[in-house]
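Here is my_file.cif, consisting of mmCIF, C-alpha atoms and all ligand atoms:
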data_input
#
loop_
_atom_site.label_atom_id
_atom_site.label_comp_id
_atom_site.auth_asym_id
_atom_site.auth_seq_id
_atom_site.Cartn_x
_atom_site.Cartn_y
_atom_site.Cartn_z
CA MET A 26 15.54 22.54 -20.74
CA GLU A 27 18.29 21.13 -18.59
CA ARG A 28 16.23 19.41 -15.94
CA LEU A 29 13.02 17.85 -17.11
CA VAL A 30 10.46 16.08 -14.97
CA ILE A 31 8.36 13.38 -16.58
CA VAL A 32 5.02 13.11 -14.88
CA GLY A 33 2.14 10.74 -15.44
CA SER A 34 -0.82 13.09 -15.87
CA GLN A 35 -3.56 10.48 -15.46
CA TRP A 36 -3.81 7.30 -13.34
CA GLY A 37 -0.44 5.84 -14.28
CA ASP A 38 0.55 3.61 -17.22
CA GLU A 39 0.62 6.56 -19.63
CA GLY A 40 3.79 5.39 -21.38
CA LYS A 41 6.30 7.19 -19.18
CA GLY A 42 8.83 4.39 -19.66
CA LYS A 43 8.88 4.88 -23.40
CA VAL A 44 9.34 8.66 -23.19
CA THR A 45 11.98 8.31 -20.51
CA ASP A 46 13.84 5.76 -22.58
CA TYR A 47 13.60 8.04 -25.63
CA LEU A 48 14.86 11.10 -23.74
CA ALA A 49 17.34 9.16 -21.62
CA GLN A 50 19.58 8.98 -24.66
CA ARG A 51 20.19 12.72 -24.13
CA ALA A 52 20.32 12.66 -20.34
CA ASP A 53 23.44 12.53 -18.23
CA VAL A 54 21.35 11.45 -15.26
CA VAL A 55 17.98 9.68 -14.91
CA VAL A 56 16.31 9.78 -11.51
CA ARG A 57 13.41 7.80 -10.03
CA SER A 58 12.10 10.01 -7.27
CA GLN A 59 9.25 8.11 -5.58
CA GLY A 60 7.28 4.86 -5.45
CA GLY A 61 8.81 1.44 -5.65
CA ASN A 62 8.17 -1.82 -7.42
CA ASN A 63 4.48 -1.00 -7.75
CA ALA A 64 5.55 0.74 -10.96
CA GLY A 65 6.13 -1.14 -14.17
CA HIS A 66 7.86 0.64 -17.02
CA THR A 67 7.95 -1.27 -20.28
CA ILE A 68 10.86 -0.45 -22.52
CA VAL A 69 11.73 -1.85 -25.92
CA PHE A 70 15.51 -1.77 -26.35
CA GLN A 71 17.28 -3.25 -29.37
CA GLY A 72 14.22 -5.33 -30.18
CA GLN A 73 13.98 -6.74 -26.66
CA LYS A 74 11.15 -5.90 -24.28
CA PHE A 75 12.13 -5.05 -20.70
CA ALA A 76 9.76 -4.50 -17.77
CA LEU A 77 11.47 -2.34 -15.18
CA ARG A 78 9.91 -1.90 -11.78
CA SER A 79 12.28 0.02 -9.58
CA ILE A 80 15.44 0.64 -11.58
CA PRO A 81 15.41 3.89 -13.62
CA SER A 82 14.81 3.61 -17.35
CA GLY A 83 18.17 5.18 -18.23
CA ILE A 84 19.92 1.95 -17.24
CA PHE A 85 20.33 0.83 -20.87
CA ASN A 86 22.72 3.68 -21.62
CA PRO A 87 26.17 2.98 -20.12
CA LYS A 88 26.97 6.71 -20.00
CA THR A 89 23.86 7.63 -18.00
CA LYS A 90 23.91 7.82 -14.22
CA ASN A 91 20.79 6.23 -12.78
CA VAL A 92 19.59 7.39 -9.39
CA MET A 93 17.08 5.79 -7.05
CA ALA A 94 16.34 8.79 -4.86
CA SER A 95 15.35 9.20 -1.23
CA GLY A 96 11.63 9.41 -1.94
CA MET A 97 11.61 5.79 -3.11
CA VAL A 98 10.78 2.64 -1.18
CA ILE A 99 13.05 -0.19 -2.24
CA HIS A 100 12.39 -3.91 -2.09
CA PRO A 101 15.97 -5.24 -2.04
CA LYS A 102 15.19 -8.75 -3.25
CA GLN A 103 13.12 -7.54 -6.19
CA MET A 104 15.66 -4.85 -7.07
CA LEU A 105 18.55 -7.32 -7.03
CA GLU A 106 16.54 -9.72 -9.21
CA GLU A 107 15.92 -6.89 -11.64
CA LEU A 108 19.65 -6.14 -11.76
CA GLN A 109 20.38 -9.82 -12.34
CA MET A 110 17.79 -9.99 -15.13
CA LEU A 111 19.44 -7.00 -16.85
CA LYS A 112 22.88 -8.61 -16.53
CA GLU A 113 21.64 -11.91 -17.96
CA ARG A 114 20.12 -10.07 -20.91
CA GLY A 115 23.36 -8.30 -21.74
CA ILE A 116 22.99 -4.98 -19.90
CA THR A 117 26.25 -5.19 -18.00
CA GLU A 118 27.69 -1.69 -18.16
CA ILE A 119 25.51 0.20 -15.74
CA GLN A 120 25.78 3.22 -13.46
CA LEU A 121 23.42 2.91 -10.51
CA TYR A 122 23.24 5.07 -7.37
CA ILE A 123 20.85 4.28 -4.52
CA SER A 124 19.95 6.87 -1.91
CA ASP A 125 21.00 6.12 1.65
CA ARG A 126 17.74 7.80 2.70
CA ALA A 127 15.35 5.64 0.65
CA HIS A 128 13.22 3.29 2.73
CA VAL A 129 13.40 -0.48 2.71
CA VAL A 130 10.38 -2.67 1.97
CA PHE A 131 10.16 -5.79 4.17
CA PRO A 132 7.95 -8.86 3.75
CA TYR A 133 5.76 -7.71 6.66
CA HIS A 134 4.84 -4.67 4.55
CA GLU A 135 3.61 -6.94 1.77
CA VAL A 136 1.64 -9.12 4.22
CA LEU A 137 0.07 -6.05 5.83
CA ASP A 138 -0.79 -4.55 2.42
CA GLY A 139 -2.80 -7.68 1.60
CA ALA A 140 -4.30 -7.89 5.09
CA TYR A 141 -5.60 -4.30 5.15
CA GLU A 142 -7.13 -4.77 1.71
CA ALA A 143 -8.80 -8.02 2.80
CA LEU A 144 -10.21 -6.33 5.92
CA LYS A 145 -12.01 -3.66 3.91
CA GLU A 146 -15.49 -4.85 3.10
CA ASN A 147 -16.17 -1.91 0.84
CA GLY A 148 -13.68 0.48 -0.61
CA LYS A 149 -10.83 -1.88 -1.43
CA ILE A 150 -8.16 0.20 -3.13
CA GLY A 151 -6.94 -2.58 -5.38
CA THR A 152 -3.28 -2.02 -4.47
CA THR A 153 -0.45 -3.83 -6.20
CA LYS A 154 0.16 -5.67 -2.87
CA ARG A 155 3.84 -4.78 -2.99
CA GLY A 156 3.83 -3.36 0.53
CA ILE A 157 4.16 0.22 -0.71
CA GLY A 158 1.46 1.79 1.50
CA PRO A 159 2.60 0.09 4.75
CA CYS A 160 6.24 0.99 4.03
CA TYR A 161 5.44 4.69 3.52
CA ALA A 162 3.20 4.53 6.61
CA ASP A 163 6.15 3.27 8.67
CA LYS A 164 8.27 6.09 7.25
CA ALA A 165 5.68 8.66 8.39
CA ASN A 166 5.32 6.82 11.69
CA ARG A 167 9.11 7.00 12.16
CA ILE A 168 9.58 3.26 12.48
CA GLY A 169 10.82 2.68 8.93
CA ILE A 170 14.30 1.46 8.08
CA ARG A 171 16.42 3.32 5.55
CA ILE A 172 18.94 1.92 3.09
CA GLY A 173 21.68 3.79 5.00
CA GLN A 174 20.77 1.78 8.13
CA LEU A 175 20.44 -1.49 6.24
CA ILE A 176 24.04 -1.36 5.04
CA GLN A 177 25.53 -0.76 8.51
CA PRO A 178 25.39 -4.17 10.24
CA ASN A 179 25.24 -2.92 13.83
CA VAL A 180 22.77 -0.16 13.10
CA PHE A 181 20.55 -2.54 11.14
CA LYS A 182 20.54 -5.18 13.92
CA GLU A 183 19.14 -2.67 16.41
CA ALA A 184 16.76 -0.95 14.01
CA LEU A 185 15.21 -4.23 12.89
CA LYS A 186 14.87 -5.41 16.50
CA SER A 187 12.89 -2.38 17.63
CA THR A 188 10.77 -2.12 14.47
CA LEU A 189 9.93 -5.81 14.47
CA VAL A 190 8.52 -5.63 18.02
CA ILE A 191 5.91 -3.18 16.75
CA LYS A 192 5.29 -4.88 13.42
CA ASN A 193 4.88 -8.32 14.98
CA MET A 194 2.44 -6.89 17.50
CA GLU A 195 0.44 -5.42 14.60
CA LEU A 196 0.50 -8.77 12.79
CA ARG A 197 -0.64 -10.68 15.89
CA MET A 198 -3.50 -8.22 16.39
CA LEU A 199 -4.63 -9.02 12.87
CA GLY A 200 -4.37 -12.76 13.61
CA LEU A 201 -1.32 -13.19 11.37
CA PRO A 202 1.92 -15.04 12.15
CA PRO A 203 4.86 -12.89 13.30
CA PHE A 204 8.21 -12.72 11.47
CA ASP A 205 11.32 -14.34 12.92
CA TYR A 206 13.99 -11.76 13.75
CA ASP A 207 17.01 -13.97 13.07
CA SER A 208 15.95 -15.16 9.65
CA LEU A 209 14.89 -11.66 8.54
CA LEU A 210 18.19 -10.26 9.80
CA LYS A 211 20.14 -12.94 7.90
CA GLU A 212 18.18 -12.50 4.68
CA TYR A 213 18.38 -8.69 4.65
CA SER A 214 22.05 -8.64 5.74
CA GLU A 215 22.82 -10.64 2.61
CA TYR A 216 20.96 -8.14 0.44
CA ALA A 217 22.81 -5.32 2.20
CA GLU A 218 26.17 -6.73 1.13
CA ARG A 219 25.09 -6.71 -2.51
CA ILE A 220 23.45 -3.30 -2.38
CA ARG A 221 26.22 -1.46 -0.47
CA PRO A 222 28.40 -0.64 -3.53
CA TYR A 223 25.59 1.38 -5.07
CA VAL A 224 24.62 3.41 -1.99
CA CYS A 225 25.47 7.09 -1.56
CA ASP A 226 23.99 10.46 -0.65
CA THR A 227 22.19 11.00 -3.95
CA SER A 228 21.21 14.57 -3.04
CA VAL A 229 24.91 15.48 -3.01
CA LEU A 230 25.41 13.68 -6.32
CA LEU A 231 22.47 15.47 -7.95
CA ASN A 232 23.52 18.90 -6.70
CA GLU A 233 27.00 18.29 -8.10
CA GLU A 234 25.49 17.31 -11.44
CA ILE A 235 23.40 20.50 -11.42
CA GLU A 236 26.58 22.54 -10.82
CA LYS A 237 28.08 20.85 -13.89
CA HIS A 238 24.96 21.71 -15.96
CA SER A 239 24.30 18.03 -16.60
CA LYS A 240 21.05 17.15 -18.32
CA ILE A 241 18.82 15.48 -15.73
CA LEU A 242 15.64 13.57 -16.39
CA PHE A 243 13.33 12.86 -13.45
CA GLU A 244 11.30 9.78 -14.19
CA GLY A 245 7.91 9.83 -12.54
CA ALA A 246 6.11 6.67 -11.50
CA GLN A 247 2.32 6.27 -11.25
CA GLY A 248 0.32 9.39 -12.13
CA VAL A 249 -0.96 12.64 -10.64
CA MET A 250 -4.47 11.23 -10.12
CA LEU A 251 -2.87 8.59 -7.87
CA CYS A 252 -1.09 11.25 -5.76
CA LEU A 253 -1.55 10.85 -2.02
CA ASP A 254 -2.35 14.56 -1.70
CA HIS A 255 -3.89 15.57 -5.01
CA GLY A 256 -5.27 12.29 -6.37
CA THR A 257 -8.60 10.55 -5.91
CA TYR A 258 -7.96 9.83 -2.22
CA PRO A 259 -8.17 7.20 -0.77
CA TYR A 260 -7.91 5.38 -4.12
CA VAL A 261 -4.33 6.51 -4.55
CA THR A 262 -0.81 5.32 -3.99
CA SER A 263 1.11 6.37 -0.87
CA SER A 264 3.53 8.84 -2.40
CA SER A 265 3.25 11.94 -4.53
CA PRO A 266 3.95 11.43 -8.23
CA THR A 267 3.62 15.16 -9.04
CA GLY A 268 6.24 17.45 -10.50
CA SER A 269 6.00 19.54 -7.35
CA SER A 270 7.13 16.63 -5.18
CA VAL A 271 10.34 15.99 -7.09
CA SER A 272 12.58 18.49 -5.35
CA LEU A 273 11.66 17.13 -1.91
CA ASN A 274 11.91 13.53 -3.02
CA VAL A 275 15.37 13.88 -4.50
CA GLY A 276 16.89 16.59 -2.33
CA ILE A 277 17.34 19.53 -4.69
CA ALA A 278 15.93 23.07 -4.66
CA PRO A 279 12.56 23.57 -6.43
CA ARG A 280 14.08 26.30 -8.62
CA TYR A 281 16.26 23.69 -10.33
CA ILE A 282 13.29 22.05 -12.03
CA THR A 283 13.11 23.73 -15.41
CA ASP A 284 10.29 21.88 -17.22
CA VAL A 285 7.55 19.36 -16.54
CA LEU A 286 6.38 17.08 -19.32
CA GLY A 287 2.97 15.54 -18.61
CA ILE A 288 2.61 12.14 -20.23
CA CYS A 289 -0.90 11.31 -21.24
CA LYS A 290 -2.54 8.61 -23.27
CA ALA A 291 -4.77 9.63 -26.16
CA TYR A 292 -7.49 8.11 -23.99
CA THR A 293 -7.51 7.23 -20.26
CA THR A 294 -6.93 4.04 -18.28
CA ARG A 295 -7.03 3.13 -14.64
CA VAL A 296 -6.04 -0.06 -12.79
CA GLY A 297 -7.55 -0.84 -9.44
CA GLU A 298 -10.63 0.59 -7.84
CA GLY A 299 -11.84 4.16 -7.48
CA PRO A 300 -13.80 6.78 -9.38
CA PHE A 301 -13.22 7.12 -13.11
CA PRO A 302 -15.73 9.62 -14.57
CA THR A 303 -14.99 9.02 -18.26
CA GLU A 304 -14.97 5.20 -18.13
CA MET A 305 -16.45 3.94 -21.40
CA CYS A 306 -18.82 1.12 -22.30
CA GLU A 307 -17.20 -2.32 -22.14
CA ASP A 308 -17.52 -3.03 -25.90
CA LEU A 309 -15.33 -0.09 -26.90
CA ALA A 310 -13.13 -0.51 -23.82
CA GLU A 311 -12.44 -4.10 -24.84
CA GLN A 312 -11.46 -3.02 -28.36
CA ILE A 313 -9.04 -0.39 -27.03
CA ARG A 314 -7.71 -2.74 -24.32
CA GLU A 315 -6.76 -5.33 -26.91
CA ARG A 316 -5.22 -2.85 -29.34
CA GLY A 317 -3.34 -0.97 -26.64
CA HIS A 318 -2.38 -4.11 -24.64
CA GLU A 319 -3.99 -2.51 -21.63
CA TYR A 320 -3.07 -5.04 -18.97
CA GLY A 321 -1.07 -4.15 -15.85
CA THR A 322 2.71 -4.60 -16.14
CA VAL A 323 2.98 -5.57 -12.48
CA THR A 324 -0.28 -7.35 -11.71
CA LYS A 325 -1.48 -8.24 -15.27
CA ARG A 326 -4.93 -6.97 -14.35
CA PRO A 327 -7.04 -5.69 -17.29
CA ARG A 328 -7.04 -1.90 -17.18
CA ARG A 329 -10.29 0.04 -17.12
CA VAL A 330 -10.57 2.27 -20.19
CA GLY A 331 -12.18 5.69 -20.64
CA TYR A 332 -12.28 8.77 -22.84
CA LEU A 333 -9.74 11.53 -22.45
CA ASP A 334 -10.57 13.67 -19.43
CA ALA A 335 -9.44 17.29 -19.84
CA VAL A 336 -10.77 18.20 -16.38
CA ALA A 337 -8.39 15.67 -14.81
CA LEU A 338 -5.59 16.81 -17.15
CA ASN A 339 -6.02 20.42 -16.13
CA HIS A 340 -5.95 19.34 -12.48
CA ALA A 341 -2.69 17.48 -13.15
CA LYS A 342 -1.33 20.56 -14.91
CA ARG A 343 -2.20 22.80 -11.95
CA VAL A 344 -0.84 20.68 -9.12
CA SER A 345 2.16 19.47 -11.05
CA GLY A 346 3.37 22.47 -13.03
CA ILE A 347 3.06 20.67 -16.37
CA ASN A 348 4.12 22.94 -19.26
CA HIS A 349 4.31 20.38 -22.10
CA LEU A 350 2.24 17.35 -23.01
CA ALA A 351 3.32 14.06 -24.57
CA LEU A 352 0.38 12.24 -26.14
CA MET A 353 0.90 8.50 -26.21
CA LEU A 354 -0.76 5.55 -27.97
CA LEU A 355 -2.47 7.75 -30.53
CA ASP A 356 -2.49 4.84 -33.04
CA VAL A 357 -4.73 2.83 -30.70
CA LEU A 358 -7.61 5.20 -31.49
CA THR A 359 -7.51 4.53 -35.24
CA GLU A 360 -10.93 3.32 -36.39
CA VAL A 361 -12.77 4.51 -33.31
CA PRO A 362 -15.67 6.24 -35.10
CA VAL A 363 -16.38 9.03 -32.60
CA LEU A 364 -13.85 10.45 -30.16
CA LYS A 365 -14.97 12.18 -27.03
CA ILE A 366 -13.08 14.52 -24.71
CA CYS A 367 -14.53 15.45 -21.36
CA TYR A 368 -14.36 19.24 -20.87
CA ALA A 369 -16.44 19.54 -17.66
CA TYR A 370 -18.39 17.54 -15.08
CA ARG A 371 -22.00 18.08 -14.12
CA LEU A 372 -22.43 17.60 -10.39
CA ASP A 373 -25.68 18.18 -8.53
CA GLY A 374 -26.89 20.53 -11.25
CA LYS A 375 -23.65 22.56 -11.37
CA ILE A 376 -21.02 22.60 -14.11
CA LEU A 377 -17.52 21.94 -12.77
CA THR A 378 -14.22 22.36 -14.55
CA THR A 379 -12.21 21.31 -11.49
CA VAL A 380 -11.91 17.95 -9.74
CA PRO A 381 -14.01 17.66 -6.55
CA SER A 382 -12.07 16.57 -3.46
CA THR A 383 -14.18 13.60 -2.39
CA VAL A 384 -14.58 10.35 -4.26
CA GLU A 385 -18.27 10.41 -3.38
CA GLU A 386 -18.68 13.58 -5.48
CA LEU A 387 -16.43 12.28 -8.25
CA MET A 388 -18.48 9.06 -8.44
CA ARG A 389 -21.59 11.20 -9.03
CA ALA A 390 -19.92 13.53 -11.54
CA GLU A 391 -21.37 13.20 -15.02
CA PRO A 392 -18.82 13.89 -17.76
CA LEU A 393 -19.72 16.43 -20.44
CA TYR A 394 -18.07 15.75 -23.77
CA VAL A 395 -17.05 17.42 -26.99
CA GLU A 396 -17.32 14.89 -29.80
CA LEU A 397 -15.00 14.69 -32.78
CA PRO A 398 -15.03 12.38 -35.80
CA GLY A 399 -12.36 9.66 -35.75
CA TRP A 400 -9.96 8.57 -38.52
CA LYS A 401 -9.46 5.27 -40.31
CA GLU A 402 -5.98 5.74 -41.82
CA ASP A 403 -2.99 3.84 -40.44
CA ILE A 404 -0.87 6.41 -38.62
CA SER A 405 1.83 4.08 -37.33
CA ARG A 406 4.41 5.29 -39.86
CA VAL A 407 3.88 9.04 -39.81
CA SER A 408 6.87 11.16 -38.93
CA SER A 409 5.30 14.59 -38.46
CA PHE A 410 2.12 16.27 -37.29
CA GLU A 411 1.39 17.37 -40.85
CA GLU A 412 1.27 13.74 -42.05
CA LEU A 413 -1.54 12.87 -39.62
CA PRO A 414 -5.07 12.63 -41.06
CA LYS A 415 -7.00 15.87 -40.66
CA ASN A 416 -9.38 14.39 -38.06
CA CYS A 417 -6.43 13.23 -36.01
CA GLN A 418 -4.83 16.67 -36.21
CA ALA A 419 -8.13 18.15 -35.06
CA TYR A 420 -8.16 15.79 -32.07
CA LEU A 421 -4.69 16.95 -31.01
CA LYS A 422 -5.60 20.61 -31.52
CA LYS A 423 -8.71 20.19 -29.38
CA ILE A 424 -6.63 18.70 -26.54
CA GLU A 425 -4.22 21.62 -26.79
CA GLU A 426 -7.12 24.06 -26.74
CA LEU A 427 -8.81 22.43 -23.72
CA THR A 428 -5.60 22.25 -21.69
CA SER A 429 -3.75 25.32 -23.01
CA LEU A 430 -0.70 23.08 -23.31
CA PRO A 431 1.44 22.30 -26.34
CA ILE A 432 1.60 18.65 -27.40
CA SER A 433 5.37 18.63 -27.78
CA LEU A 434 5.65 14.92 -28.50
CA PHE A 435 3.28 12.21 -29.68
CA SER A 436 3.64 8.50 -30.13
CA VAL A 437 2.12 6.25 -32.80
CA GLY A 438 3.52 2.87 -31.79
CA PRO A 439 5.74 1.07 -29.29
CA ASP A 440 9.05 1.55 -31.09
CA ARG A 441 11.43 4.43 -30.34
CA MET A 442 11.16 5.39 -34.02
CA GLN A 443 7.42 5.88 -33.66
CA THR A 444 7.96 8.89 -31.40
CA ILE A 445 7.43 12.29 -33.01
CA GLU A 446 8.96 15.25 -31.26
CA ARG A 447 7.42 18.56 -32.25
CA GLU A 448 9.52 20.68 -29.92
CA PRO A 449 13.01 19.82 -28.73
CA LEU A 450 12.91 18.32 -25.25
CA LEU A 451 15.91 18.07 -22.92
CA LYS A 452 18.12 19.72 -25.50
P1 LIG A 501 -0.17 0.75 -4.37
O1 LIG A 501 0.71 1.79 -4.97
O2 LIG A 501 0.31 -0.65 -4.61
O3 LIG A 501 -0.46 1.02 -2.92
O4 LIG A 501 -1.59 0.83 -5.12
C1 LIG A 501 -2.48 1.94 -4.95
C2 LIG A 501 -3.21 2.26 -6.25
O5 LIG A 501 -2.26 2.76 -7.19
C3 LIG A 501 -3.85 1.05 -6.93
O6 LIG A 501 -5.04 1.49 -7.57
C4 LIG A 501 -2.83 0.63 -7.98
O7 LIG A 501 -3.42 -0.06 -9.05
C5 LIG A 501 -2.30 1.98 -8.39
N1 LIG A 501 -0.93 1.92 -8.91
C6 LIG A 501 0.22 1.81 -8.21
N2 LIG A 501 1.28 1.82 -9.03
C7 LIG A 501 0.81 1.97 -10.26
C8 LIG A 501 1.44 2.09 -11.56
O8 LIG A 501 2.66 2.08 -11.72
N3 LIG A 501 0.58 2.24 -12.60
C9 LIG A 501 -0.76 2.30 -12.46
N4 LIG A 501 -1.39 2.20 -11.29
C10 LIG A 501 -0.61 2.04 -10.19
#

Please rewrite the model in this file as structure tokens.
Amino acid sequence: MERLVIVGSQWGDEGKGKVTDYLAQRADVVVRSQGGNNAGHTIVFQGQKFALRSIPSGIFNPKTKNVMASGMVIHPKQMLEELQMLKERGITEIQLYISDRAHVVFPYHEVLDGAYEALKENGKIGTTKRGIGPCYADKANRIGIRIGQLIQPNVFKEALKSTLVIKNMELRMLGLPPFDYDSLLKEYSEYAERIRPYVCDTSVLLNEEIEKHSKILFEGAQGVMLCLDHGTYPYVTSSSPTGSSVSLNVGIAPRYITDVLGICKAYTTRVGEGPFPTEMCEDLAEQIRERGHEYGTVTKRPRRVGYLDAVALNHAKRVSGINHLALMLLDVLTEVPVLKICYAYRLDGKILTTVPSTVEELMRAEPLYVELPGWKEDISRVSSFEELPKNCQAYLKKIEELTSLPISLFSVGPDRMQTIEREPLLK
């Protein structure tokens, strides 16, 4: 298990930050492959709580190389503030490498993100309004600006000039004020100076690390159900958070990915709009939300809460190559009298064990559940599977049975110590 991908197997917020932090202690390199500051990874390190948005979670270990790969979109101001915050809180010895091919987020992306959402009468996505979608759209439209261009003053001057003509036209068409070229150039040229020391061809770096047999951890952001291709489109993010996308997003061969660990909560949450077949009644959702602190790290929005959905998990497994599961926040379910796991959907009289492609169908899908009795015992101090109450063990076994995946790690609290590894990962 030399190169392990960590993938969110639901709608994001599964606890990837905690697992990454836990495994990062063993990793020589930690890589963020996609997304940007729409992600929020909460990490507890030496009793302090850190909320990382774009910097990889291996940053707390001075020996770990942290890579922001080419599939990312980077908001320079936010990223520099995050670096500053780390410095001020004592994280001074860091190794950070930023891909010269990652794309740059500009303020017009953020404005357009909000504007497109406001224009939609129905079907608002509920984005994080960080400009992620518009930035990836510019990348696909071939008018984006890469980090490698940003740090070359003459190249950046020209690139910004030609892009801004188009972006300002778009803004005017939407009745919004255009951006001033000179002030944007000045602001971003200042960021460029501060970012330049970290920039390199990270694909070269990663391939060299592979040659050396370094242990590499690929830290996913968001979750498979938010994948642009395989998620609940259009209620998705604008990149692919799957295991399959990693090789493209970081510039290595697919055969170098050895394992994919799907992170999943013991229940399900979703922020933002879109179908959510196993969403539960508000009374129970409220109880779980409070116990699990289910509020968005980035936007602070209350998360929607649902039962575990094995149909969605199996979809994530298929499209993402997941071969191990990590079950997070198991302690939050203590005292829930009856636990349900969705094993199929009923749609228009048919039983489905796969996820339909349209949100219209998914909205109509009725979840079919297996029900299991809950447990009342405090599990926050257990250190092995065998110490879990029998009903809790049965819950884990049922998940393994419905997904045909081993639960190789489970978590019973926020601390690193409350992580129980049943099979050695990244060892
Ligand atoms: P965007 O990524 O800001 O465009 O938002 C698109 C959808 O993805 C919205 O429903 C967001 O709430 C969701 N989303 C984006 N990033 C995350 C994340 O890190 N965790 C959970 N949901 C996310």

Mind checking which residues fall within 7 Å of range 170-172 of chain A, counting all atoms listed in the file, ignoring those fewer than 2 positions away in the same chain, and posting them as a count of residues only? 10

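You will find CA of Glu118 in chain A at 19.9 Å from CA of Thr67 in chain A.
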
What do you get as an MDAnalysis selection string if you pick all residues at most 9 Å from ligand LIG 501 (chain A), counting only C-alpha atoms and all ligand atoms? chainID A and resid 36:39 60:66 78 138 150:159 246:248 251:252 259:264 294:299 321:324 326 328

Put those residues in a file: C-alpha atoms, as a CSV table (one decimal), in the coordinates of the input.
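Output file result.csv is given in full below:
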chain,number,residue,atom,x,y,z
A,36,TRP,CA,-3.8,7.3,-13.3
A,37,GLY,CA,-0.4,5.8,-14.3
A,38,ASP,CA,0.6,3.6,-17.2
A,39,GLU,CA,0.6,6.6,-19.6
A,60,GLY,CA,7.3,4.9,-5.4
A,61,GLY,CA,8.8,1.4,-5.6
A,62,ASN,CA,8.2,-1.8,-7.4
A,63,ASN,CA,4.5,-1.0,-7.8
A,64,ALA,CA,5.6,0.7,-11.0
A,65,GLY,CA,6.1,-1.1,-14.2
A,66,HIS,CA,7.9,0.6,-17.0
A,78,ARG,CA,9.9,-1.9,-11.8
A,138,ASP,CA,-0.8,-4.6,2.4
A,150,ILE,CA,-8.2,0.2,-3.1
A,151,GLY,CA,-6.9,-2.6,-5.4
A,152,THR,CA,-3.3,-2.0,-4.5
A,153,THR,CA,-0.4,-3.8,-6.2
A,154,LYS,CA,0.2,-5.7,-2.9
A,155,ARG,CA,3.8,-4.8,-3.0
A,156,GLY,CA,3.8,-3.4,0.5
A,157,ILE,CA,4.2,0.2,-0.7
A,158,GLY,CA,1.5,1.8,1.5
A,159,PRO,CA,2.6,0.1,4.8
A,246,ALA,CA,6.1,6.7,-11.5
A,247,GLN,CA,2.3,6.3,-11.2
A,248,GLY,CA,0.3,9.4,-12.1
A,251,LEU,CA,-2.9,8.6,-7.9
A,252,CYS,CA,-1.1,11.2,-5.8
A,259,PRO,CA,-8.2,7.2,-0.8
A,260,TYR,CA,-7.9,5.4,-4.1
A,261,VAL,CA,-4.3,6.5,-4.6
A,262,THR,CA,-0.8,5.3,-4.0
A,263,SER,CA,1.1,6.4,-0.9
A,264,SER,CA,3.5,8.8,-2.4
A,294,THR,CA,-6.9,4.0,-18.3
A,295,ARG,CA,-7.0,3.1,-14.6
A,296,VAL,CA,-6.0,-0.1,-12.8
A,297,GLY,CA,-7.6,-0.8,-9.4
A,298,GLU,CA,-10.6,0.6,-7.8
A,299,GLY,CA,-11.8,4.2,-7.5
A,321,GLY,CA,-1.1,-4.2,-15.8
A,322,THR,CA,2.7,-4.6,-16.1
A,323,VAL,CA,3.0,-5.6,-12.5
A,324,THR,CA,-0.3,-7.4,-11.7
A,326,ARG,CA,-4.9,-7.0,-14.4
A,328,ARG,CA,-7.0,-1.9,-17.2

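Considering only C-alpha atoms, the residue among A:Gln59, A:Thr359, A:Asn348, A:Gln443 positioned nearest to Ala291 in chain A is A:Thr359.
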
Could you give me, as a PyMOL selection string, the residues that sit within 7 Å of (14.3, -3.1, -7.6) in the file's coordinates, counting all atoms listed in the file? chain A and resi 62+78-80+99-101+103-105+107

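Counting all atoms listed in the file and comparing A:Ile116, A:Leu210, A:Val271, A:Leu185, the residue that lies closest to Ala94 in chain A is A:Val271.
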
Please list as a ChimeraX atom specification every residue within 10 Å of Leu333 in chain A, counting only C-alpha atoms and excluding residues in the same chain fewer than 3 positions away. /A:35,289-294,303-304,330,336-338,364-368,394,424

Could you name the residues that touch Ile31 in chain A at 8 Å or less, counting only C-alpha atoms, but leaving out those on the same chain fewer than 2 positions away, as a PyMOL selection string? chain A and resi 29+33+41+45+242-245+268+285-288

re CA of Leu451 in chain A and CA of Val44 in chain A: distance 11.5 Å

Any idea what's packed within 10 Å of range 228-232 of chain A, counting all atoms listed in the file, ignoring anything in its chain fewer than 3 positions away? Could you give it as an MDAnalysis selection string? chainID A and resid 54 56 90 92 94:95 122 124:126 225 235:239 241 272:278 281

CA of Glu311 in chain A to CA of Gly40 in chain A, distance in Å rounded to a single decimal: 19.1 Å

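The nearest approach to Asp226 in chain A among the residues A:Cys306, A:Val361, A:Gly200, A:Ile123, with all atoms listed in the file taken into account, belongs to A:Ile123.
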
Nearest residue to Ala369 in chain A from the set A:Pro302, A:Pro431, A:Pro449, A:Pro398 (distances using all atoms listed in the file):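 Among the listed residues, A:Pro302 lies closest to Ala369 in chain A.
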
Looking at A:Ser433, A:Thr378, A:Ser269, A:Thr89, which one is nearest to Gly346 in chain A, with distances taken over all atoms listed in the file?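 Closest to Gly346 in chain A of all the choices is A:Ser269.
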
Give me the residues within 9 Å of Tyr213 in chain A as a ChimeraX atom specification, counting only C-alpha atoms and dropping any in the same chain fewer than 2 places off. /A:101-102,131,175,208-211,215-218
